[in-house]
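K.L.:
Structure supplied as coords-v2.pdb; contents: PDB, N, CA and C atoms.
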ATOM      1  N   MET T   1       1.090   5.043   0.779
ATOM      2  CA  MET T   1       1.154   6.161  -0.124
ATOM      3  C   MET T   1       0.360   5.872  -1.402
ATOM      4  N   ALA T   2       0.442   4.658  -1.911
ATOM      5  CA  ALA T   2      -0.280   4.305  -3.138
ATOM      6  C   ALA T   2      -1.780   4.509  -2.970
ATOM      7  N   LYS T   3      -2.322   4.063  -1.851
ATOM      8  CA  LYS T   3      -3.763   4.216  -1.601
ATOM      9  C   LYS T   3      -4.148   5.693  -1.503
ATOM     10  N   ALA T   4      -3.321   6.491  -0.863
ATOM     11  CA  ALA T   4      -3.601   7.924  -0.740
ATOM     12  C   ALA T   4      -3.605   8.594  -2.111
ATOM     13  N   LEU T   5      -2.687   8.201  -2.977
ATOM     14  CA  LEU T   5      -2.639   8.771  -4.322
ATOM     15  C   LEU T   5      -3.838   8.332  -5.147
ATOM     16  N   GLU T   6      -4.206   7.051  -5.032
ATOM     17  CA  GLU T   6      -5.386   6.564  -5.749
ATOM     18  C   GLU T   6      -6.635   7.322  -5.311
ATOM     19  N   LYS T   7      -6.742   7.587  -4.015
ATOM     20  CA  LYS T   7      -7.905   8.301  -3.486
ATOM     21  C   LYS T   7      -7.914   9.756  -3.955
ATOM     22  N   GLN T   8      -6.772  10.415  -3.852
ATOM     23  CA  GLN T   8      -6.692  11.832  -4.211
ATOM     24  C   GLN T   8      -6.935  12.052  -5.701
ATOM     25  N   TYR T   9      -6.474  11.131  -6.531
ATOM     26  CA  TYR T   9      -6.589  11.298  -7.978
ATOM     27  C   TYR T   9      -7.610  10.339  -8.579
ATOM     28  N   SER T  10      -8.597   9.965  -7.799
ATOM     29  CA  SER T  10      -9.658   9.068  -8.254
ATOM     30  C   SER T  10     -10.304   9.621  -9.522
ATOM     31  N   GLY T  11     -10.441   8.773 -10.524
ATOM     32  CA  GLY T  11     -11.017   9.191 -11.790
ATOM     33  C   GLY T  11     -10.015   9.789 -12.751
ATOM     34  N   GLN T  12      -8.831  10.132 -12.251
ATOM     35  CA  GLN T  12      -7.780  10.712 -13.091
ATOM     36  C   GLN T  12      -6.646   9.726 -13.329
ATOM     37  N   VAL T  13      -6.474   8.815 -12.387
ATOM     38  CA  VAL T  13      -5.378   7.852 -12.448
ATOM     39  C   VAL T  13      -5.962   6.460 -12.583
ATOM     40  N   LYS T  14      -5.489   5.753 -13.573
ATOM     41  CA  LYS T  14      -5.975   4.394 -13.794
ATOM     42  C   LYS T  14      -5.367   3.427 -12.786
ATOM     43  N   GLU T  15      -4.082   3.602 -12.488
ATOM     44  CA  GLU T  15      -3.398   2.635 -11.637
ATOM     45  C   GLU T  15      -2.194   3.273 -10.959
ATOM     46  N   VAL T  16      -1.968   2.907  -9.718
ATOM     47  CA  VAL T  16      -0.725   3.204  -9.016
ATOM     48  C   VAL T  16      -0.036   1.869  -8.844
ATOM     49  N   LYS T  17       1.140   1.749  -9.393
ATOM     50  CA  LYS T  17       1.835   0.461  -9.430
ATOM     51  C   LYS T  17       3.118   0.549  -8.612
ATOM     52  N   LEU T  18       3.276  -0.368  -7.685
ATOM     53  CA  LEU T  18       4.498  -0.455  -6.894
ATOM     54  C   LEU T  18       5.348  -1.588  -7.447
ATOM     55  N   VAL T  19       6.599  -1.284  -7.736
ATOM     56  CA  VAL T  19       7.516  -2.264  -8.298
ATOM     57  C   VAL T  19       8.662  -2.450  -7.319
ATOM     58  N   GLU T  20       8.854  -3.681  -6.880
ATOM     59  CA  GLU T  20       9.943  -3.963  -5.945
ATOM     60  C   GLU T  20      11.288  -3.749  -6.624
ATOM     61  N   SER T  21      12.230  -3.270  -5.833
ATOM     62  CA  SER T  21      13.587  -3.094  -6.335
ATOM     63  C   SER T  21      14.562  -3.342  -5.194
ATOM     64  N   SER T  22      15.821  -3.164  -5.482
ATOM     65  CA  SER T  22      16.837  -3.378  -4.451
ATOM     66  C   SER T  22      17.763  -2.167  -4.402
ATOM     67  N   GLY T  23      18.648  -2.178  -3.458
ATOM     68  CA  GLY T  23      19.637  -1.122  -3.368
ATOM     69  C   GLY T  23      19.122   0.183  -2.799
ATOM     70  N   GLY T  24      17.982   0.150  -2.107
ATOM     71  CA  GLY T  24      17.461   1.353  -1.479
ATOM     72  C   GLY T  24      16.717   2.289  -2.411
ATOM     73  N   ALA T  25      16.362   1.811  -3.595
ATOM     74  CA  ALA T  25      15.662   2.662  -4.561
ATOM     75  C   ALA T  25      14.209   2.863  -4.159
ATOM     76  N   PHE T  26      13.722   4.066  -4.359
ATOM     77  CA  PHE T  26      12.301   4.398  -4.233
ATOM     78  C   PHE T  26      12.077   5.501  -5.248
ATOM     79  N   GLU T  27      11.732   5.105  -6.455
ATOM     80  CA  GLU T  27      11.605   6.027  -7.568
ATOM     81  C   GLU T  27      10.130   6.186  -7.920
ATOM     82  N   VAL T  28       9.703   7.404  -8.162
ATOM     83  CA  VAL T  28       8.308   7.678  -8.497
ATOM     84  C   VAL T  28       8.264   8.259  -9.908
ATOM     85  N   TYR T  29       7.523   7.567 -10.769
ATOM     86  CA  TYR T  29       7.374   7.984 -12.164
ATOM     87  C   TYR T  29       5.919   8.281 -12.465
ATOM     88  N   LEU T  30       5.699   9.187 -13.400
ATOM     89  CA  LEU T  30       4.377   9.440 -13.956
ATOM     90  C   LEU T  30       4.548   9.450 -15.466
ATOM     91  N   ASN T  31       3.929   8.460 -16.129
ATOM     92  CA  ASN T  31       4.046   8.352 -17.590
ATOM     93  C   ASN T  31       5.502   8.393 -18.044
ATOM     94  N   ASP T  32       6.330   7.594 -17.431
ATOM     95  CA  ASP T  32       7.755   7.464 -17.754
ATOM     96  C   ASP T  32       8.599   8.685 -17.370
ATOM     97  N   GLU T  33       8.019   9.677 -16.703
ATOM     98  CA  GLU T  33       8.772  10.842 -16.245
ATOM     99  C   GLU T  33       9.101  10.671 -14.767
ATOM    100  N   LEU T  34      10.381  10.762 -14.431
ATOM    101  CA  LEU T  34      10.808  10.625 -13.042
ATOM    102  C   LEU T  34      10.372  11.851 -12.251
ATOM    103  N   LEU T  35       9.568  11.610 -11.216
ATOM    104  CA  LEU T  35       9.097  12.696 -10.356
ATOM    105  C   LEU T  35       9.901  12.806  -9.070
ATOM    106  N   TYR T  36      10.393  11.671  -8.591
ATOM    107  CA  TYR T  36      11.120  11.671  -7.319
ATOM    108  C   TYR T  36      12.077  10.492  -7.293
ATOM    109  N   SER T  37      13.261  10.719  -6.779
ATOM    110  CA  SER T  37      14.254   9.659  -6.653
ATOM    111  C   SER T  37      14.857   9.673  -5.257
ATOM    112  N   LYS T  38      14.639   8.594  -4.520
ATOM    113  CA  LYS T  38      15.269   8.459  -3.205
ATOM    114  C   LYS T  38      16.773   8.294  -3.368
ATOM    115  N   LEU T  39      17.194   7.682  -4.463
ATOM    116  CA  LEU T  39      18.623   7.517  -4.698
ATOM    117  C   LEU T  39      19.312   8.875  -4.835
ATOM    118  N   GLU T  40      18.621   9.849  -5.438
ATOM    119  CA  GLU T  40      19.193  11.190  -5.590
ATOM    120  C   GLU T  40      19.055  12.017  -4.313
ATOM    121  N   SER T  41      17.892  11.939  -3.671
ATOM    122  CA  SER T  41      17.624  12.785  -2.505
ATOM    123  C   SER T  41      18.114  12.184  -1.193
ATOM    124  N   ARG T  42      18.296  10.859  -1.198
ATOM    125  CA  ARG T  42      18.728  10.116  -0.013
ATOM    126  C   ARG T  42      17.705  10.135   1.120
ATOM    127  N   GLN T  43      16.431  10.353   0.775
ATOM    128  CA  GLN T  43      15.358  10.279   1.777
ATOM    129  C   GLN T  43      14.056   9.885   1.096
ATOM    130  N   PHE T  44      13.175   9.269   1.875
ATOM    131  CA  PHE T  44      11.870   8.890   1.350
ATOM    132  C   PHE T  44      11.018  10.145   1.181
ATOM    133  N   PRO T  45      10.178  10.167   0.155
ATOM    134  CA  PRO T  45       9.313  11.324  -0.044
ATOM    135  C   PRO T  45       8.091  11.270   0.861
ATOM    136  N   THR T  46       7.515  12.411   1.104
ATOM    137  CA  THR T  46       6.217  12.462   1.771
ATOM    138  C   THR T  46       5.148  12.384   0.681
ATOM    139  N   THR T  47       3.947  12.046   1.072
ATOM    140  CA  THR T  47       2.847  12.037   0.108
ATOM    141  C   THR T  47       2.672  13.432  -0.479
ATOM    142  N   GLU T  48       2.836  14.460   0.336
ATOM    143  CA  GLU T  48       2.704  15.841  -0.141
ATOM    144  C   GLU T  48       3.741  16.167  -1.216
ATOM    145  N   GLN T  49       4.968  15.707  -1.053
ATOM    146  CA  GLN T  49       5.990  15.942  -2.074
ATOM    147  C   GLN T  49       5.585  15.307  -3.404
ATOM    148  N   ILE T  50       5.026  14.116  -3.336
ATOM    149  CA  ILE T  50       4.635  13.417  -4.555
ATOM    150  C   ILE T  50       3.430  14.097  -5.198
ATOM    151  N   THR T  51       2.429  14.464  -4.411
ATOM    152  CA  THR T  51       1.254  15.118  -4.997
ATOM    153  C   THR T  51       1.632  16.473  -5.601
ATOM    154  N   THR T  52       2.540  17.191  -4.987
ATOM    155  CA  THR T  52       3.012  18.457  -5.547
ATOM    156  C   THR T  52       3.700  18.225  -6.885
ATOM    157  N   ALA T  53       4.534  17.202  -6.959
ATOM    158  CA  ALA T  53       5.221  16.879  -8.213
ATOM    159  C   ALA T  53       4.228  16.465  -9.293
ATOM    160  N   ILE T  54       3.218  15.688  -8.930
ATOM    161  CA  ILE T  54       2.193  15.262  -9.893
ATOM    162  C   ILE T  54       1.426  16.475 -10.402
ATOM    163  N   ASP T  55       1.059  17.373  -9.507
ATOM    164  CA  ASP T  55       0.275  18.549  -9.893
ATOM    165  C   ASP T  55       1.040  19.484 -10.826
ATOM    166  N   LYS T  56       2.364  19.446 -10.788
ATOM    167  CA  LYS T  56       3.180  20.285 -11.667
ATOM    168  C   LYS T  56       3.229  19.746 -13.093
ATOM    169  N   VAL T  57       2.921  18.469 -13.262
ATOM    170  CA  VAL T  57       3.006  17.840 -14.593
ATOM    171  C   VAL T  57       1.816  18.216 -15.431
TER     172      VAL T  57
END
I need this file expressed as structure tokens, please.
P.N.:
Amino acid sequence: MAKALEKQYSGQVKEVKLVESSGGAFEVYLNDELLYSKLESRQFPTTEQITTAIDKV
């Protein structure tokens, strides 16, 4: 997913950073704003869900 986001937003995004965590977390932030939380939704996001959330910001 990180590579797909880097490709789609080439020139707009400086870095896509993956941070390891525990407890089943998969949280997606953009500039400190939470875009997606697996802990809240109880499912992994699709790349389309993330790109839609990014485009809304």
K.L.:
Using the chain letters and numbers from the file, which residues does the PyMOL selection byres (((chain T and resi 7-13 and name CA) around 12) and name CA) grab, as number ranges by chain?
P.N.:
T: 1-6, 14-17, 30-31, 47-48, 50-52, 54-55
K.L.:
Tell me which residues the PyMOL selection byres ((chain T and resi 26) around 6) grabs here, as a VMD selection string.
P.N.:
chain T and resid 24 to 25 27 to 28 36 to 39
K.L.:
So for region 38-42 of chain T, what box centre and size do we get, axis-aligned, 8 Å extra on each of the six sides, every listed atom, Å to one decimal, as JSON?
P.N.:
{"center_x": 17.0, "center_y": 10.2, "center_z": -2.2, "size_x": 20.7, "size_y": 21.3, "size_z": 22.7}
K.L.:
Got a sec to tell me which of chain T DSSP assigns to strand (DSSP E), as a PyMOL selection string?
P.N.:
chain T and resi 27-30+33-37
K.L.:
Could you state the separation of atom N of Gln49 (chain T) and atom N of Gly23 (chain T) in Å, given to one decimal place?
P.N.:
22.6 Å
K.L.:
Report, in Å with one decimal, the straight-line distance from CA of Gln43 (chain T) to atom N of Glu20 (chain T).
P.N.:
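Computing the Euclidean distance for CA of Gln43 (chain T) and atom N of Glu20 (chain T) yields 17.7 Å.
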K.L.:
If I take atom C of Pro45 (chain T) and atom N of Leu18 (chain T), how far is one from the other in Å, to one decimal?
P.N.:
15.2 Å
